[in-house]
Amino acid sequence: MTTNGRRAEQRPAPGGSVEFDADVLVIGGGPAGTWAAVSAAARGARVVLADKGFCGTSGATAAAGTGVWYVDPDPALREAAMANREKLGGHLQDRRWMARVLDQTYQDGNRLAAWGYPYPVDDSGKSQRNSLQGPEYMRLMRKRTKQAGVTILDHSPALELLVDDDGAVAGATGVRRQKHDRWTVRAKAVVIATGGCAFLSKTLGSNVLTGDGYLMAAEVGAEFSSMEFSNAYAISPAFGSVTKTLFYGWATFSYEDGSVVPGAASKGGRSAIARALLQGPVYARLDKADDNVQRDMRASQPNFFLPFDRTGIDPFSERFPVTLRLEGTVRGTGGLRIVDDSCATSVPGLYAAGDAATRELICGGFTGGGSHNAAWAMSSGTWAGWGAAVYAGQLGPARQRRLASAGTVAFRNRSSRAFEPAALAEAVQDEVYPYELNYFRHASRLDGALARLDAAWADASAADAADEDNLLRARESAAMLATSRWMYRSALARNESRGMHRRDDYPDQDDRQRHYVTSGGLDEVWTAVRPHADASYAEAAE
Amino acid sequence: MIEVIDAERCTSCDICVNVCPTNVFDKTDGIPVIARQSDCQTCFLCELYCPEDALYVAPHADAPCPTDVVALRETAALGSYRRAVGWTDETRDLRGIDRSYLLFGH
Ligand SMILES: Cc1cc2nc3c(=O)[nH]c(=O)nc-3n(C[C@H](O)[C@H](O)[C@H](O)COP(=O)(O)OP(=O)(O)OC[C@H]3O[C@@H](n4cnc5c(N)ncnc54)[C@H](O)[C@@H]3O)c2cc1C
Ligand code: SF4
Ligand code: SF4
């Protein structure tokens with residue numbers, strides 16, 4: 001597949017801006033965005049992809065690399081793969097979606113091989129396709145996206161969506177931060193693929209992920225789901241950014257005095273690490289890895305070793321301090337609610353893919369890190385791109401639609417009080433980082449945090465428009481703030497512990513709450529409960 | 001965070017300015033400058049794209065860690081990540097040696 005000859009058209013625009021006409025605009029150029037762009041172009045759409053950073057290096061996958069839920073189409077293997085995390089996810093997954101994601105991921109993984117991804121070959125001669133090196137994968141995806149005829153705008157964060165008179169999404173505008181001007185793309189459909197929200201915690205590759213797509217989507221009325229499952233924390237050396245956690249499966253965790261932290265483990269014992277960190281420093285040593293494993297580790301994740309090699313630490317024989325960095329919805333599972341198989345959101349013309357969308361359908365309430373998220377990014381990207389292109393095709397030739405900007409906070413002059421992005425971002429971090437607030441939740445503590453966050457929202461939305469230099473940072477901090485409020489409001493709506501959502505005041509899972517929590521709203525945040533698919537089928541059968 | 005642009009190696013190709021996801025560098029008439037160090041997310045990706053191995057990212061994410069370029073040249077650190085992922089001519093073979101499939105499920 002090469003270019004279909006149909007490219008987005010650049011239109012004459014006033015000085016200080018560029019404008020394009022497209023069928024589909026993809027916002028975000030990680031795996032979800034690039035798969036969406038390639039898929040939409042394959043359906044004949046004229047596509048623009050805008051990324052805040054550089055499509056190919058930006059986002060969690062490019063920096064980190066991912067294990068992938070790639071499973072051979074052997075019924076027994078597929079069944080085991082689906083059953084594997086069902087309990088951990090609190091039985092909120094949906095079997096039909098798991099099966100379709102496994103199918104699509106298998107196809108997309110094989111396409112990568114055909115495109116030249118250098119998968120390793122095992123001793124029996126079999127190509128192994130359940131892991132992707134981030135830089136290699138995303139360099140290839142950028143190349144394929146370009147070859148598909150997609151117009152890529154790098155360093156071009158989207159700031160707000162455009163809507164037509166009927167409220168359908170019809171494009172977006174943003175800034176070109178290296179050219180110091182504005183961009184506008186008029187499109188018949190938009191795919192939000194801006195990743196999750198990691199609250200600027202410096203978890204690997206994720207500082208570009210501030211929930212911008214959530215904010216933009218909420219401004220046009222989109223809904224969220226499973227936002228309570230947004231408190232994923234990942235292990236890293238205390239000083240470093242490399243939150244790759246697989247190898248901590250071979251670690252022993254200890255207190256300052258050298259004694260072992262009881263129950264601490266990367267898998268199934270991370271909360272013990274969090275509790276210990278509340279008391280003081282925690283150390284790790286990967287002392288369970290033998291020479292063979294050590295060699296395989298070096299070959300598999302060169303980035304894991306950068307913090308050690310560059311500080312002269314031998315992680316296999318020496319103890320090093322560790323911390324837990326918040327990854328929010330990046331390795332959580334909350335995001336925009338998907339309403340059909342094409343990954344449409346609840347707003348016409350708006351589609352969501354990757355971490356911007358909820359991963360509840362395949363992960364339930366347990367992290368999608370390690371394999372599921374990567375599979376979801378490919379699959380949902382492929383579907384959302386296709387769905388958006390089909391929708392665009394049905395709209396017919398570009399009507400002269402009157403478009404309005406949907407942006408709210410940081411765009412309005414209201415009080416002659418300046419918007420202070422850095423202070424706001426810190427205020428949000430103060431409410432979402434602490435383990436005693438977010439890892440271990442309790443109604444009384446959540447109430448307090450929410451009161452402060454709601455007040456911060458009232459403040460921010462009453463502040464003046466941010467100036468050009470501050471606009472991106474202002475929108476990012478507002479997006480983090482909005483995300484934190486859906487997150488905690490949803491956490492309060494789930495009076496039980498399930499998946500990664502852990503309530504000290506409701507430590508057990510409650511069978512009656514095997515449902516999804518929907519949320520939304522900006523000035524007024526709301527939540528509602530939706531039945532799990534199994535329950536709706538049961539009702540239909542009655 | 002990004003600490004070093006080695007002026008002896010840098011050819012002012014500006015690739016790093018383009019590829020850094022958090023827009024840390026600025027172009028100049030000559031060698032780029034680290035204009036917004038505090039925005040650096042310590043992702044090490046600029047090192048992979050620098051064809052001259054002129055960049056060094058210290059592994060400390062939360063605070064700067066001033067690094068002496070002369071001392072650095074004595075070590076094998078410059079370009080070490082690029083070599084490790086197989087993005088140099090001499091290390092090409094390393095692109096396909098991922099052994100993760102042996103480590104998953106531990
Ligand atoms: C350290 C780490 C390890 C992980 N390991 C695994 C694993 O082993 N297996 C697994 O399945 N998952 C893993 N994950 C999760 C996985 O990386 C993500 O699920 C995946 O990257 C999601 O893809 P995405 O395209 O949705 O988002 P991303 O890859 O994060 O890309 C989002 C893109 O959107 C852009 N963007 C953001 N805001 C804007 C805006 N306003 N305008 C324009 N563009 C914008 C960003 O620049 C970025 O390029 C890991 C995550 C981390 C942090
Ligand atoms: S990529 Fe390397 S050589 Fe090119 S400008 Fe940057 S530092 Fe210099
Ligand atoms: S480490 Fe990453 S964020 Fe920092 S300068 Fe290099 S590319 Fe940019």
# chains A, B, ... in the order shown; residues from 1 in each chain; ligands from 1
>>> closest_atom_pairs(of="segment 45-103 of chain A", to="segment 85-104 of chain B", cutoff="12 Å", atoms="only C-alpha atoms", output="JSON lines")
{"residue": "A:Gly65", "atom": "CA", "partner": "B:Ser100", "partner_atom": "CA", "distance": 11.0}
{"residue": "A:Thr66", "atom": "CA", "partner": "B:Ser100", "partner_atom": "CA", "distance": 9.9}
{"residue": "A:Gly67", "atom": "CA", "partner": "B:Ser100", "partner_atom": "CA", "distance": 7.9}
{"residue": "A:Val68", "atom": "CA", "partner": "B:Tyr101", "partner_atom": "CA", "distance": 10.3}
{"residue": "A:Trp69", "atom": "CA", "partner": "B:Phe104", "partner_atom": "CA", "distance": 11.2}
{"residue": "A:Tyr70", "atom": "CA", "partner": "B:Tyr101", "partner_atom": "CA", "distance": 11.1}
{"residue": "A:Val71", "atom": "CA", "partner": "B:Tyr101", "partner_atom": "CA", "distance": 11.9}
>>> write_last_selection(atoms="all heavy atoms", output="CSV table (one decimal), in the first residue's frame")
chain,number,residue,atom,x,y,z
A,65,GLY,N,8.6,1.2,24.6
A,65,GLY,CA,8.5,-0.2,24.0
A,65,GLY,C,7.5,-1.0,24.8
A,65,GLY,O,7.2,-0.7,25.9
A,66,THR,N,6.9,-1.9,24.1
A,66,THR,CA,5.8,-2.6,24.7
A,66,THR,C,5.7,-4.1,24.4
A,66,THR,O,6.0,-4.6,23.3
A,66,THR,CB,4.4,-2.1,24.2
A,66,THR,OG1,4.4,-2.1,22.8
A,66,THR,CG2,4.1,-0.7,24.7
A,67,GLY,N,5.4,-4.9,25.4
A,67,GLY,CA,4.9,-6.2,25.2
A,67,GLY,C,3.6,-6.1,24.5
A,67,GLY,O,2.8,-5.2,24.8
A,68,VAL,N,3.2,-7.1,23.7
A,68,VAL,CA,1.9,-7.0,22.9
A,68,VAL,C,1.1,-8.2,23.1
A,68,VAL,O,1.6,-9.3,23.1
A,68,VAL,CB,2.3,-6.8,21.4
A,68,VAL,CG1,1.0,-6.5,20.6
A,68,VAL,CG2,3.2,-5.6,21.2
A,69,TRP,N,-0.2,-8.0,23.2
A,69,TRP,CA,-1.1,-9.2,23.4
A,69,TRP,C,-1.3,-9.8,22.0
A,69,TRP,O,-2.4,-9.7,21.4
A,69,TRP,CB,-2.4,-8.6,23.9
A,69,TRP,CG,-3.3,-9.6,24.7
A,69,TRP,CD1,-2.8,-10.6,25.5
A,69,TRP,CD2,-4.7,-9.6,24.9
A,69,TRP,NE1,-3.9,-11.2,26.1
A,69,TRP,CE2,-5.0,-10.6,25.7
A,69,TRP,CE3,-5.7,-8.8,24.3
A,69,TRP,CZ2,-6.4,-10.9,26.1
A,69,TRP,CZ3,-7.0,-9.1,24.6
A,69,TRP,CH2,-7.3,-10.1,25.5
A,70,TYR,N,-0.3,-10.4,21.5
A,70,TYR,CA,-0.3,-11.1,20.2
A,70,TYR,C,-0.3,-12.6,20.5
A,70,TYR,O,0.6,-13.1,21.1
A,70,TYR,CB,1.0,-10.7,19.4
A,70,TYR,CG,1.1,-11.4,18.1
A,70,TYR,CD1,0.8,-10.7,16.9
A,70,TYR,CD2,1.7,-12.7,18.0
A,70,TYR,CE1,1.0,-11.4,15.7
A,70,TYR,CE2,1.8,-13.3,16.8
A,70,TYR,CZ,1.5,-12.7,15.7
A,70,TYR,OH,1.7,-13.3,14.5
A,71,VAL,N,-1.4,-13.2,20.1
A,71,VAL,CA,-1.6,-14.6,20.5
A,71,VAL,C,-2.0,-15.3,19.2
A,71,VAL,O,-2.9,-14.9,18.5
A,71,VAL,CB,-2.7,-14.8,21.6
A,71,VAL,CG1,-2.9,-16.2,21.9
A,71,VAL,CG2,-2.4,-13.9,22.8
>>> closest_atom_pairs(of="chain A", to="chain B", cutoff="6 Å", atoms="only C-alpha atoms", output="Markdown table")
| residue | atom | partner | partner_atom | distance |
| --- | --- | --- | --- | --- |
| A:Gly53 | CA | B:Pro21 | CA | 4.0 |
| A:Phe54 | CA | B:Pro21 | CA | 5.3 |
| A:Ser58 | CA | B:Pro21 | CA | 5.0 |
| A:Ala63 | CA | B:Cys43 | CA | 5.7 |
| A:Pro118 | CA | B:Gly96 | CA | 5.1 |
| A:Tyr119 | CA | B:Gly96 | CA | 5.7 |
| A:Pro120 | CA | B:Gly96 | CA | 4.8 |
| A:Lys202 | CA | B:Gln41 | CA | 5.7 |
| A:Gly205 | CA | B:Cys43 | CA | 5.4 |
| A:Phe239 | CA | B:His60 | CA | 5.3 |
| A:Gly240 | CA | B:Ala61 | CA | 4.9 |
| A:Ser241 | CA | B:Ala61 | CA | 5.4 |
| A:Asp296 | CA | B:Arg99 | CA | 5.5 |
| A:Ala299 | CA | B:Asp98 | CA | 5.7 |
| A:Ser300 | CA | B:Asp98 | CA | 4.3 |
| A:Pro307 | CA | B:Pro59 | CA | 4.9 |
>>> write_last_selection(atoms="all heavy atoms", output="short mmCIF file (atom, residue, chain, number, x, y, z; two decimals), in the first residue's frame")
data_model
loop_
_atom_site.label_atom_id
_atom_site.label_comp_id
_atom_site.auth_asym_id
_atom_site.auth_seq_id
_atom_site.Cartn_x
_atom_site.Cartn_y
_atom_site.Cartn_z
N GLY A 53 4.28 16.50 19.88
CA GLY A 53 5.73 16.37 19.75
C GLY A 53 6.09 16.00 18.33
O GLY A 53 5.68 16.66 17.38
N PHE A 54 6.85 14.92 18.18
CA PHE A 54 7.27 14.45 16.87
C PHE A 54 6.70 13.05 16.70
O PHE A 54 6.99 12.16 17.51
CB PHE A 54 8.81 14.43 16.81
CG PHE A 54 9.39 13.93 15.52
CD1 PHE A 54 9.51 14.77 14.43
CD2 PHE A 54 9.82 12.62 15.41
CE1 PHE A 54 10.06 14.30 13.23
CE2 PHE A 54 10.37 12.14 14.23
CZ PHE A 54 10.49 12.99 13.14
N SER A 58 7.30 10.56 19.97
CA SER A 58 6.46 11.09 21.04
C SER A 58 5.53 10.01 21.60
O SER A 58 5.11 9.11 20.88
CB SER A 58 5.64 12.26 20.50
OG SER A 58 5.21 13.09 21.56
N ALA A 63 9.09 5.78 23.57
CA ALA A 63 10.19 5.81 24.53
C ALA A 63 10.35 4.48 25.25
O ALA A 63 11.47 4.07 25.56
CB ALA A 63 9.96 6.93 25.54
N PRO A 118 11.79 -5.79 12.47
CA PRO A 118 12.74 -6.90 12.69
C PRO A 118 12.40 -7.77 13.90
O PRO A 118 13.12 -7.76 14.90
CB PRO A 118 14.08 -6.16 12.90
CG PRO A 118 13.69 -4.86 13.51
CD PRO A 118 12.35 -4.49 12.91
N TYR A 119 11.32 -8.52 13.80
CA TYR A 119 10.98 -9.42 14.91
C TYR A 119 12.10 -10.44 15.12
O TYR A 119 12.71 -10.91 14.15
CB TYR A 119 9.69 -10.18 14.58
CG TYR A 119 8.41 -9.41 14.72
CD1 TYR A 119 7.59 -9.19 13.62
CD2 TYR A 119 7.99 -8.92 15.95
CE1 TYR A 119 6.38 -8.50 13.73
CE2 TYR A 119 6.78 -8.23 16.08
CZ TYR A 119 5.99 -8.02 14.97
OH TYR A 119 4.80 -7.35 15.09
N PRO A 120 12.33 -10.81 16.37
CA PRO A 120 13.35 -11.84 16.61
C PRO A 120 12.83 -13.23 16.22
O PRO A 120 11.62 -13.45 16.16
CB PRO A 120 13.55 -11.75 18.13
CG PRO A 120 12.24 -11.24 18.66
CD PRO A 120 11.70 -10.32 17.60
N LYS A 202 6.88 12.35 34.82
CA LYS A 202 8.15 11.91 34.24
C LYS A 202 8.25 10.40 34.12
O LYS A 202 9.34 9.85 34.00
CB LYS A 202 9.35 12.47 35.03
CG LYS A 202 9.36 14.00 35.04
CD LYS A 202 10.67 14.59 34.56
CE LYS A 202 10.49 16.06 34.24
NZ LYS A 202 11.59 16.90 34.64
N GLY A 205 8.55 8.67 28.79
CA GLY A 205 7.92 9.12 27.54
C GLY A 205 6.58 9.79 27.70
O GLY A 205 5.90 10.07 26.71
N PHE A 239 15.66 8.06 41.28
CA PHE A 239 16.14 9.27 40.61
C PHE A 239 15.73 9.31 39.14
O PHE A 239 15.91 10.32 38.47
CB PHE A 239 17.67 9.36 40.71
CG PHE A 239 18.38 8.15 40.14
CD1 PHE A 239 18.69 8.09 38.79
CD2 PHE A 239 18.71 7.06 40.95
CE1 PHE A 239 19.33 6.97 38.26
CE2 PHE A 239 19.35 5.94 40.42
CZ PHE A 239 19.66 5.89 39.07
N GLY A 240 15.22 8.21 38.60
CA GLY A 240 15.14 8.09 37.15
C GLY A 240 13.75 8.04 36.57
O GLY A 240 12.74 8.02 37.28
N SER A 241 13.69 8.02 35.23
CA SER A 241 12.43 8.06 34.51
C SER A 241 12.01 6.69 33.98
O SER A 241 10.91 6.55 33.46
CB SER A 241 12.57 9.00 33.31
OG SER A 241 13.62 8.53 32.47
N ASP A 296 19.51 -12.04 28.68
CA ASP A 296 18.27 -11.80 27.91
C ASP A 296 17.68 -10.43 28.22
O ASP A 296 17.13 -9.76 27.35
CB ASP A 296 17.24 -12.90 28.22
CG ASP A 296 17.66 -14.25 27.66
OD1 ASP A 296 18.54 -14.26 26.77
OD2 ASP A 296 17.13 -15.28 28.13
N ALA A 299 19.51 -7.74 26.29
CA ALA A 299 19.17 -7.77 24.86
C ALA A 299 17.76 -7.21 24.62
O ALA A 299 17.50 -6.59 23.60
CB ALA A 299 19.24 -9.21 24.35
N SER A 300 16.87 -7.41 25.59
CA SER A 300 15.46 -7.10 25.36
C SER A 300 15.08 -5.66 25.67
O SER A 300 14.21 -5.09 25.03
CB SER A 300 14.58 -8.03 26.21
OG SER A 300 14.88 -9.36 25.90
N PRO A 307 19.70 4.01 33.34
CA PRO A 307 19.91 4.66 34.64
C PRO A 307 21.02 3.98 35.46
O PRO A 307 21.69 4.65 36.25
CB PRO A 307 18.56 4.50 35.36
CG PRO A 307 17.57 4.19 34.29
CD PRO A 307 18.33 3.51 33.19
#
>>> residues_near_ligand(ligand="ligand 2", cutoff="8 Å", atoms="only C-alpha atoms and all ligand atoms", output="PyMOL selection string")
chain B and resi 5-7+9-17+31-32+46-47+49-55
>>> residues_around(residues="segment 315-326 of chain A", least_positions_apart="3", cutoff="6 Å", atoms="only C-alpha atoms", output="list in words")
Tyr233, Ala234, Ile235, Ser236, Pro237, Ala238, Val282, Tyr283, Ala284, Arg285, Leu286 and Asp287 of chain A
>>> select_by_dssp(residues="chain B", states="strand (DSSP E)", output="list in words")
Ile2, Glu3, Val4, Ile5, Phe25, Asp26, Val33, Ile34, Leu55, Tyr56 and Val57 of chain B
>>> write_last_selection(atoms="N, CA, C and O atoms", output="compact mmCIF listing (two decimals), in the first residue's frame")
# COMPACT_ATOMS: atom_id res chain seq x y z
N ILE B 2 18.55 16.01 29.61
CA ILE B 2 19.59 16.31 28.63
C ILE B 2 20.62 17.23 29.28
O ILE B 2 20.27 18.21 29.93
N GLU B 3 21.89 16.87 29.14
CA GLU B 3 22.94 17.68 29.76
C GLU B 3 23.95 18.20 28.77
O GLU B 3 24.50 19.27 28.95
N VAL B 4 24.23 17.43 27.72
CA VAL B 4 25.38 17.78 26.89
C VAL B 4 25.06 17.77 25.40
O VAL B 4 24.41 16.85 24.91
N ILE B 5 25.49 18.83 24.71
CA ILE B 5 25.65 18.78 23.26
C ILE B 5 27.15 18.96 23.03
O ILE B 5 27.70 20.02 23.34
N PHE B 25 15.08 21.71 22.61
CA PHE B 25 16.17 22.41 21.92
C PHE B 25 15.64 23.59 21.09
O PHE B 25 14.51 23.56 20.64
N ASP B 26 16.51 24.55 20.86
CA ASP B 26 16.22 25.60 19.88
C ASP B 26 17.33 25.62 18.83
O ASP B 26 18.49 25.40 19.14
N VAL B 33 20.82 24.85 20.90
CA VAL B 33 21.00 25.05 22.34
C VAL B 33 19.91 24.28 23.11
O VAL B 33 18.82 24.05 22.60
N ILE B 34 20.26 23.90 24.32
CA ILE B 34 19.28 23.30 25.23
C ILE B 34 18.54 24.47 25.86
O ILE B 34 19.03 25.11 26.78
N LEU B 55 25.07 13.83 21.77
CA LEU B 55 24.18 14.19 22.88
C LEU B 55 24.34 13.23 24.04
O LEU B 55 24.61 12.04 23.85
N TYR B 56 24.16 13.77 25.24
CA TYR B 56 24.18 12.92 26.42
C TYR B 56 23.03 13.30 27.34
O TYR B 56 22.89 14.46 27.73
N VAL B 57 22.22 12.30 27.68
CA VAL B 57 21.11 12.50 28.60
C VAL B 57 21.49 11.83 29.92
O VAL B 57 21.72 10.61 29.96
>>> residues_around(residues="Asp94 of chain A", least_positions_apart="2", cutoff="9 Å", atoms="only C-alpha atoms", output="PyMOL selection string")
chain A and resi 91-92+96-99+360-364+532-534
>>> residues_around(residues="Ala170 of chain A", least_positions_apart="2", cutoff="12 Å", atoms="only C-alpha atoms", output="VMD selection string")
chain A and resid 21 to 26 160 to 168 172 to 173 184 to 191 220 347 to 351 388 391 to 392 395 398 to 406
>>> atom_distance(atom1="atom CA of Trp386 of chain A", atom2="atom CA of Ser206 of chain A")
26.7 Å
>>> closest_residue(among="A:Ala37, A:Leu306, A:Gly174, A:Ala45", to="ligand 3", atoms="only C-alpha atoms and all ligand atoms")
A:Leu306
>>> atom_distance(atom1="atom CA of Ala418 of chain A", atom2="atom CA of Thr210 of chain A")
20.9 Å
>>> closest_residue(among="A:Glu19, A:Asp154, A:Asp467, A:Glu426", to="ligand 1", atoms="only C-alpha atoms and all ligand atoms")
A:Asp154
>>> atom_distance(atom1="atom CA of Gln509 of chain A", atom2="atom CA of Met82 of chain A")
20.8 Å
>>> residues_around(residues="Leu522 of chain A", least_positions_apart="3", cutoff="8 Å", atoms="only C-alpha atoms", output="PDB file with N, CA and C atoms, in the first residue's frame")
ATOM      1  N   ALA A 218     -14.377  16.561  26.162  1.00  0.00           N
ATOM      2  CA  ALA A 218     -15.389  16.928  27.162  1.00  0.00           C
ATOM      3  C   ALA A 218     -16.048  18.247  26.784  1.00  0.00           C
ATOM      4  N   GLU A 219     -15.277  19.116  26.151  1.00  0.00           N
ATOM      5  CA  GLU A 219     -15.835  20.416  25.765  1.00  0.00           C
ATOM      6  C   GLU A 219     -16.904  20.304  24.683  1.00  0.00           C
ATOM      7  N   ALA A 482      -9.069  18.611  34.926  1.00  0.00           N
ATOM      8  CA  ALA A 482     -10.350  17.999  34.562  1.00  0.00           C
ATOM      9  C   ALA A 482     -10.269  16.483  34.751  1.00  0.00           C
ATOM     10  N   VAL A 525     -19.209  18.112  37.417  1.00  0.00           N
ATOM     11  CA  VAL A 525     -18.809  16.752  37.058  1.00  0.00           C
ATOM     12  C   VAL A 525     -19.879  15.777  37.529  1.00  0.00           C
TER      13      VAL A 525
END
>>> select_by_dssp(residues="segment 73-312 of chain A", states="helix (DSSP H, G or I)", output="number ranges by chain")
A: 75-84, 95-114, 134-147, 212-219, 246-250, 270-279, 291-300, 302-309
>>> residues_around(residues="Ala410 of chain A", least_positions_apart="3", cutoff="12 Å", atoms="only C-alpha atoms", output="compact mmCIF listing (two decimals) with N, CA, C and O atoms, in the first residue's frame")
# COMPACT_ATOMS: atom_id res chain seq x y z
N LEU A 159 -5.36 22.29 20.38
CA LEU A 159 -5.80 22.98 21.59
C LEU A 159 -7.30 22.94 21.79
O LEU A 159 -7.77 22.93 22.92
N GLU A 160 -8.06 22.93 20.70
CA GLU A 160 -9.51 22.85 20.85
C GLU A 160 -10.13 22.28 19.59
O GLU A 160 -9.56 22.35 18.50
N LEU A 215 -9.90 16.68 27.62
CA LEU A 215 -10.48 18.02 27.82
C LEU A 215 -11.21 18.48 26.56
O LEU A 215 -12.36 18.93 26.62
N ALA A 406 -14.72 25.16 20.15
CA ALA A 406 -15.39 24.62 21.34
C ALA A 406 -14.59 24.85 22.63
O ALA A 406 -15.05 24.51 23.71
N GLY A 407 -13.40 25.42 22.53
CA GLY A 407 -12.53 25.56 23.71
C GLY A 407 -13.13 26.48 24.76
O GLY A 407 -13.81 27.45 24.44
N ASN A 413 -11.56 35.56 28.37
CA ASN A 413 -11.19 36.63 29.29
C ASN A 413 -12.32 36.87 30.25
O ASN A 413 -13.42 37.20 29.86
N ARG A 414 -12.04 36.69 31.52
CA ARG A 414 -13.16 36.72 32.45
C ARG A 414 -12.95 37.61 33.66
O ARG A 414 -13.89 38.16 34.20
N SER A 415 -11.73 37.68 34.17
CA SER A 415 -11.61 38.26 35.50
C SER A 415 -10.40 39.17 35.66
O SER A 415 -10.11 39.60 36.76
N ARG A 417 -7.63 38.14 35.94
CA ARG A 417 -6.67 37.42 36.79
C ARG A 417 -5.91 36.47 35.87
O ARG A 417 -6.50 35.80 35.04
N ALA A 418 -4.60 36.46 35.99
CA ALA A 418 -3.79 35.68 35.03
C ALA A 418 -3.94 34.19 35.27
O ALA A 418 -4.13 33.75 36.40
N PHE A 419 -3.87 33.45 34.19
CA PHE A 419 -3.85 31.99 34.27
C PHE A 419 -2.43 31.57 34.60
O PHE A 419 -1.50 31.97 33.93
N GLU A 420 -2.26 30.75 35.64
CA GLU A 420 -0.90 30.34 36.02
C GLU A 420 -0.72 28.84 35.86
O GLU A 420 -0.96 28.08 36.79
N PRO A 421 -0.29 28.42 34.67
CA PRO A 421 -0.24 26.99 34.36
C PRO A 421 0.65 26.18 35.31
O PRO A 421 0.25 25.10 35.75
N LEU A 424 -0.91 25.67 38.67
CA LEU A 424 -2.08 24.79 38.58
C LEU A 424 -1.64 23.33 38.44
O LEU A 424 -2.17 22.44 39.12
N TRP A 457 -10.79 24.32 39.76
CA TRP A 457 -11.47 24.43 38.46
C TRP A 457 -12.23 25.76 38.36
O TRP A 457 -12.17 26.45 37.34
N ALA A 458 -12.94 26.09 39.43
CA ALA A 458 -13.69 27.35 39.41
C ALA A 458 -12.73 28.51 39.17
O ALA A 458 -13.00 29.41 38.37
N ASP A 459 -11.59 28.44 39.84
CA ASP A 459 -10.56 29.46 39.69
C ASP A 459 -10.03 29.54 38.26
O ASP A 459 -9.95 30.61 37.66
N ALA A 460 -9.65 28.38 37.74
CA ALA A 460 -9.03 28.33 36.41
C ALA A 460 -10.03 28.76 35.35
O ALA A 460 -9.68 29.45 34.39
N SER A 461 -11.28 28.36 35.51
CA SER A 461 -12.21 28.71 34.44
C SER A 461 -12.65 30.16 34.55
O SER A 461 -13.20 30.70 33.61
N ALA A 462 -12.36 30.79 35.69
CA ALA A 462 -12.67 32.22 35.80
C ALA A 462 -11.46 33.08 35.44
O ALA A 462 -11.58 34.30 35.33
N ALA A 463 -10.31 32.44 35.27
CA ALA A 463 -9.10 33.22 34.96
C ALA A 463 -9.15 33.75 33.53
O ALA A 463 -9.97 33.31 32.72
N ASP A 464 -8.25 34.64 33.25
CA ASP A 464 -8.17 35.21 31.91
C ASP A 464 -7.60 34.21 30.91
O ASP A 464 -6.96 33.24 31.29
N ALA A 465 -7.82 34.51 29.64
CA ALA A 465 -7.21 33.70 28.59
C ALA A 465 -5.70 33.73 28.76
O ALA A 465 -5.14 34.76 29.12
N ALA A 466 -5.09 32.59 28.51
CA ALA A 466 -3.63 32.54 28.58
C ALA A 466 -3.05 33.21 27.34
O ALA A 466 -3.65 33.15 26.26
N ASP A 467 -1.90 33.84 27.47
CA ASP A 467 -1.29 34.44 26.28
C ASP A 467 -0.65 33.34 25.44
O ASP A 467 -0.52 32.20 25.86
N GLU A 468 -0.25 33.70 24.21
CA GLU A 468 0.25 32.70 23.25
C GLU A 468 1.33 31.80 23.85
O GLU A 468 1.32 30.60 23.66
N ASN A 470 1.83 30.93 26.84
CA ASN A 470 1.37 30.10 27.95
C ASN A 470 0.20 29.20 27.60
O ASN A 470 -0.21 28.38 28.42
N LEU A 471 -0.32 29.36 26.38
CA LEU A 471 -1.59 28.71 26.06
C LEU A 471 -1.52 27.19 26.15
O LEU A 471 -2.38 26.54 26.75
N LEU A 472 -0.48 26.60 25.56
CA LEU A 472 -0.36 25.14 25.60
C LEU A 472 -0.27 24.65 27.04
O LEU A 472 -0.98 23.74 27.45
N ARG A 473 0.60 25.28 27.82
CA ARG A 473 0.77 24.86 29.22
C ARG A 473 -0.53 25.06 30.01
O ARG A 473 -0.87 24.25 30.87
N ALA A 474 -1.23 26.11 29.69
CA ALA A 474 -2.49 26.37 30.39
C ALA A 474 -3.51 25.28 30.08
O ALA A 474 -4.17 24.74 30.97
N ARG A 475 -3.60 24.92 28.80
CA ARG A 475 -4.56 23.89 28.41
C ARG A 475 -4.15 22.53 29.00
O ARG A 475 -5.00 21.74 29.40
N GLU A 476 -2.84 22.28 29.03
CA GLU A 476 -2.37 21.01 29.61
C GLU A 476 -2.73 20.92 31.08
O GLU A 476 -3.23 19.89 31.56
N SER A 477 -2.49 21.99 31.81
CA SER A 477 -2.77 21.92 33.25
C SER A 477 -4.28 21.84 33.49
O SER A 477 -4.73 21.15 34.40
N ALA A 478 -5.06 22.53 32.66
CA ALA A 478 -6.52 22.43 32.79
C ALA A 478 -6.99 21.01 32.48
O ALA A 478 -7.91 20.50 33.12
N ALA A 479 -6.34 20.37 31.52
CA ALA A 479 -6.72 18.99 31.16
C ALA A 479 -6.39 18.04 32.32
O ALA A 479 -7.17 17.14 32.65
>>> closest_residue(among="A:Thr527, A:Thr333, A:Gln279, A:Thr203", to="ligand 3", atoms="only C-alpha atoms and all ligand atoms")
A:Thr203
>>> closest_residue(among="B:Thr67, B:Ser38, B:Leu72, B:Leu78", to="ligand 3", atoms="only C-alpha atoms and all ligand atoms")
B:Ser38
>>> closest_residue(among="A:Ala352, A:Leu88, A:Ile313, A:Cys343", to="Ala193 of chain A", atoms="only C-alpha atoms")
A:Ala352
